[in-house]
Amino acid sequence: MALFFGLFTWANWTGPTPAEKLKPKNFALFDLSNIKDNNTFATLNMQLQKTRGVLATCLKPADKIVSVVFYPDVITRADIQQKLSTWSNTDIIQKAIVATGPTCPVAGMMGGISTLKRFLCIRN
Amino acid sequence: MIMASFFLASCTKTNTITEPGTTTTVTANPYAGSIFSNEGMYAGIDSLNTHFVANVVADNNINSIFVASFNGSTNNEYNFVSSLYNFLVTATGGPNIYDGPGASQGLAVSMMQVHHGMHITTPQFTSLAGDLATAIHQCKWSKADSTGLMTAAASLAPDIIGQ
């Protein structure tokens, strides 16, 4: 109990940081290699950018990929994947990234601490 | 004890500019003249960061470096976006909110500690800088502020490359 109150006090002492006050964003990368017509890429990107909940996209026609940053409470990965598939009349899949060397430790390092603080902080 | 904690915590809040999710009235801008202030403060940096993240995710030269954030862990995604945001707020002359390892000793020391053992190459650093430059262009920043941030980013190269 004392441990909980200690953690609760710590989480609320400084309050949420400006980053913690922002609405959470997620991102996804989609593989467009099933699309054969290059003219489709630009159209898809324009449609994506007009989609509610989509904040930013980055289309790389040469690599046949598109990244999407979105609000997860407005639109999901599956929704975006479904829309891309519908618009292009082909199956679009999410692209997994494979580590080829040392990776950035920040996200994992800060994960536990920031998750705990977000959970316990009621000042947001 | 909890009430006392909240009282003390509320007394320590000294921000006078609008933060995300608040309705604090603007009474003074201690960051006037900084890139942070010129480009829309927290909202401006948030917009830049969003485009920057999209560009990095689609950058095959470097996205595998951030693989822990990229393959479906929404919590790691959140931490990745937040860390970049805090970094950009601090690097543009806003409040010092970057809290990565070694942050208390300055951004340069922090960058050196975070990238230790990663063996970042010059092409990888250049690629990331290119993604940032593209995001700045997408957000239509002024030339002076664009140059200012890119210069600040370039100054961190020795602390990141080859560590």
# chains A, B, ... in the order shown; residues from 1 in each chain; ligands from 1
>>> interface_residues(of="chain A", to="chain B", cutoff="8 Å", atoms="only C-alpha atoms", output="NGL selection string")
:A and (5 or 9 or 12-15 or 17-22 or 24-29 or 55-60 or 65-69 or 96-108 or 110-111 or 114-115 or 124)
>>> residues_around(residues="segment 85-88 of chain A", least_positions_apart="4", cutoff="12 Å", atoms="only C-alpha atoms", output="list in words")
Phe30, Asp31, Leu32, Ser33, Asn34, Ile35, Lys36, Asp37, Asn38, Asn39, Thr40, Phe41, Ala42, Thr43, Leu44, Asn45, Met46, Gln47, Leu48, Ala78, Asp79, Ile80, Gln81, Ile92, Ile93 and Gln94 of chain A
>>> write_last_selection(atoms="N, CA and C atoms", output="PDB file, in the first residue's frame")
ATOM      1  N   PHE A  30       2.917   0.378 -44.838  1.00  0.00           N
ATOM      2  CA  PHE A  30       2.194  -0.561 -45.698  1.00  0.00           C
ATOM      3  C   PHE A  30       2.993  -0.863 -46.958  1.00  0.00           C
ATOM      4  N   ASP A  31       2.924  -2.118 -47.352  1.00  0.00           N
ATOM      5  CA  ASP A  31       3.616  -2.609 -48.536  1.00  0.00           C
ATOM      6  C   ASP A  31       2.685  -2.463 -49.741  1.00  0.00           C
ATOM      7  N   LEU A  32       3.105  -1.684 -50.735  1.00  0.00           N
ATOM      8  CA  LEU A  32       2.261  -1.444 -51.908  1.00  0.00           C
ATOM      9  C   LEU A  32       2.748  -2.222 -53.122  1.00  0.00           C
ATOM     10  N   SER A  33       3.552  -3.248 -52.898  1.00  0.00           N
ATOM     11  CA  SER A  33       4.168  -3.922 -54.050  1.00  0.00           C
ATOM     12  C   SER A  33       3.166  -4.677 -54.921  1.00  0.00           C
ATOM     13  N   ASN A  34       1.956  -4.900 -54.419  1.00  0.00           N
ATOM     14  CA  ASN A  34       0.933  -5.547 -55.252  1.00  0.00           C
ATOM     15  C   ASN A  34       0.328  -4.591 -56.275  1.00  0.00           C
ATOM     16  N   ILE A  35       0.607  -3.310 -56.105  1.00  0.00           N
ATOM     17  CA  ILE A  35       0.063  -2.325 -57.049  1.00  0.00           C
ATOM     18  C   ILE A  35       0.995  -2.222 -58.252  1.00  0.00           C
ATOM     19  N   LYS A  36       0.451  -2.470 -59.411  1.00  0.00           N
ATOM     20  CA  LYS A  36       1.284  -2.491 -60.620  1.00  0.00           C
ATOM     21  C   LYS A  36       1.276  -1.150 -61.357  1.00  0.00           C
ATOM     22  N   ASP A  37       0.187  -0.402 -61.193  1.00  0.00           N
ATOM     23  CA  ASP A  37       0.062   0.862 -61.914  1.00  0.00           C
ATOM     24  C   ASP A  37       0.640   2.004 -61.064  1.00  0.00           C
ATOM     25  N   ASN A  38       1.726   2.597 -61.524  1.00  0.00           N
ATOM     26  CA  ASN A  38       2.393   3.646 -60.754  1.00  0.00           C
ATOM     27  C   ASN A  38       1.519   4.876 -60.523  1.00  0.00           C
ATOM     28  N   ASN A  39       0.561   5.097 -61.421  1.00  0.00           N
ATOM     29  CA  ASN A  39      -0.306   6.265 -61.250  1.00  0.00           C
ATOM     30  C   ASN A  39      -1.208   6.136 -60.019  1.00  0.00           C
ATOM     31  N   THR A  40      -1.394   4.915 -59.568  1.00  0.00           N
ATOM     32  CA  THR A  40      -2.278   4.673 -58.413  1.00  0.00           C
ATOM     33  C   THR A  40      -1.680   5.216 -57.118  1.00  0.00           C
ATOM     34  N   PHE A  41      -0.340   5.249 -57.035  1.00  0.00           N
ATOM     35  CA  PHE A  41       0.314   5.657 -55.785  1.00  0.00           C
ATOM     36  C   PHE A  41      -0.112   7.049 -55.325  1.00  0.00           C
ATOM     37  N   ALA A  42      -0.024   8.007 -56.244  1.00  0.00           N
ATOM     38  CA  ALA A  42      -0.345   9.386 -55.872  1.00  0.00           C
ATOM     39  C   ALA A  42      -1.801   9.521 -55.465  1.00  0.00           C
ATOM     40  N   THR A  43      -2.681   8.817 -56.183  1.00  0.00           N
ATOM     41  CA  THR A  43      -4.109   8.869 -55.854  1.00  0.00           C
ATOM     42  C   THR A  43      -4.355   8.308 -54.460  1.00  0.00           C
ATOM     43  N   LEU A  44      -3.718   7.172 -54.177  1.00  0.00           N
ATOM     44  CA  LEU A  44      -3.855   6.554 -52.853  1.00  0.00           C
ATOM     45  C   LEU A  44      -3.394   7.508 -51.752  1.00  0.00           C
ATOM     46  N   ASN A  45      -2.259   8.146 -51.991  1.00  0.00           N
ATOM     47  CA  ASN A  45      -1.702   9.049 -50.989  1.00  0.00           C
ATOM     48  C   ASN A  45      -2.636  10.221 -50.728  1.00  0.00           C
ATOM     49  N   MET A  46      -3.216  10.762 -51.798  1.00  0.00           N
ATOM     50  CA  MET A  46      -4.154  11.877 -51.637  1.00  0.00           C
ATOM     51  C   MET A  46      -5.382  11.438 -50.853  1.00  0.00           C
ATOM     52  N   GLN A  47      -5.891  10.247 -51.168  1.00  0.00           N
ATOM     53  CA  GLN A  47      -7.066   9.752 -50.447  1.00  0.00           C
ATOM     54  C   GLN A  47      -6.745   9.512 -48.967  1.00  0.00           C
ATOM     55  N   LEU A  48      -5.542   8.999 -48.721  1.00  0.00           N
ATOM     56  CA  LEU A  48      -5.119   8.773 -47.332  1.00  0.00           C
ATOM     57  C   LEU A  48      -5.085  10.076 -46.547  1.00  0.00           C
ATOM     58  N   ALA A  78      -6.136  -1.603 -39.055  1.00  0.00           N
ATOM     59  CA  ALA A  78      -6.953  -2.475 -39.914  1.00  0.00           C
ATOM     60  C   ALA A  78      -7.849  -1.637 -40.828  1.00  0.00           C
ATOM     61  N   ASP A  79      -8.392  -0.537 -40.298  1.00  0.00           N
ATOM     62  CA  ASP A  79      -9.229   0.362 -41.119  1.00  0.00           C
ATOM     63  C   ASP A  79      -8.423   0.911 -42.296  1.00  0.00           C
ATOM     64  N   ILE A  80      -7.205   1.365 -41.976  1.00  0.00           N
ATOM     65  CA  ILE A  80      -6.363   1.963 -43.022  1.00  0.00           C
ATOM     66  C   ILE A  80      -6.003   0.911 -44.069  1.00  0.00           C
ATOM     67  N   GLN A  81      -5.658  -0.271 -43.588  1.00  0.00           N
ATOM     68  CA  GLN A  81      -5.308  -1.361 -44.503  1.00  0.00           C
ATOM     69  C   GLN A  81      -6.496  -1.698 -45.412  1.00  0.00           C
ATOM     70  N   ILE A  92      -3.470  -5.169 -49.757  1.00  0.00           N
ATOM     71  CA  ILE A  92      -2.373  -4.384 -49.190  1.00  0.00           C
ATOM     72  C   ILE A  92      -2.085  -4.951 -47.808  1.00  0.00           C
ATOM     73  N   ILE A  93      -0.814  -5.174 -47.527  1.00  0.00           N
ATOM     74  CA  ILE A  93      -0.460  -5.725 -46.210  1.00  0.00           C
ATOM     75  C   ILE A  93       0.466  -4.756 -45.470  1.00  0.00           C
ATOM     76  N   GLN A  94       0.475  -4.897 -44.145  1.00  0.00           N
ATOM     77  CA  GLN A  94       1.401  -4.094 -43.361  1.00  0.00           C
ATOM     78  C   GLN A  94       2.804  -4.651 -43.536  1.00  0.00           C
TER      79      GLN A  94
END
>>> atom_distance(atom1="atom CA of Ala152 of chain B", atom2="atom CA of Leu132 of chain B")
11.8 Å
>>> select_by_dssp(residues="segment 19-103 of chain A", states="strand (DSSP E)", output="ChimeraX atom specification")
/A:26-31,54-60,65-70,93-94
>>> write_last_selection(atoms="C-alpha atoms", output="PDB file, in the first residue's frame")
ATOM      1  CA  ASN A  26       0.436   5.555 -33.757  1.00  0.00           C
ATOM      2  CA  PHE A  27       2.052   4.808 -37.072  1.00  0.00           C
ATOM      3  CA  ALA A  28       2.130   2.023 -39.618  1.00  0.00           C
ATOM      4  CA  LEU A  29       3.991   1.083 -42.775  1.00  0.00           C
ATOM      5  CA  PHE A  30       2.194  -0.561 -45.698  1.00  0.00           C
ATOM      6  CA  ASP A  31       3.616  -2.609 -48.536  1.00  0.00           C
ATOM      7  CA  VAL A  54      -4.764  10.393 -40.584  1.00  0.00           C
ATOM      8  CA  LEU A  55      -2.230  13.066 -39.612  1.00  0.00           C
ATOM      9  CA  ALA A  56       0.644  12.541 -42.020  1.00  0.00           C
ATOM     10  CA  THR A  57       1.769  10.157 -44.723  1.00  0.00           C
ATOM     11  CA  CYS A  58       5.007   9.523 -46.566  1.00  0.00           C
ATOM     12  CA  LEU A  59       4.783   7.758 -49.913  1.00  0.00           C
ATOM     13  CA  LYS A  60       7.897   6.202 -51.464  1.00  0.00           C
ATOM     14  CA  ILE A  65       5.723   1.684 -49.387  1.00  0.00           C
ATOM     15  CA  VAL A  66       3.637   4.283 -47.606  1.00  0.00           C
ATOM     16  CA  SER A  67       3.825   5.262 -43.937  1.00  0.00           C
ATOM     17  CA  VAL A  68       0.876   6.659 -42.049  1.00  0.00           C
ATOM     18  CA  VAL A  69       0.740   8.508 -38.724  1.00  0.00           C
ATOM     19  CA  PHE A  70      -2.746   8.439 -37.231  1.00  0.00           C
ATOM     20  CA  ILE A  93      -0.460  -5.725 -46.210  1.00  0.00           C
ATOM     21  CA  GLN A  94       1.401  -4.094 -43.361  1.00  0.00           C
TER      22      GLN A  94
END
>>> atom_distance(atom1="atom CA of Ile136 of chain B", atom2="atom CA of Asp63 of chain A")
22.4 Å
>>> select_by_dssp(residues="segment 20-142 of chain B", states="alpha helix (DSSP H)", output="count of residues only")
68
>>> closest_residue(among="B:Asn29, B:Asn61, B:Ile161, B:Gly40", to="Thr122 of chain B", atoms="only C-alpha atoms")
B:Ile161
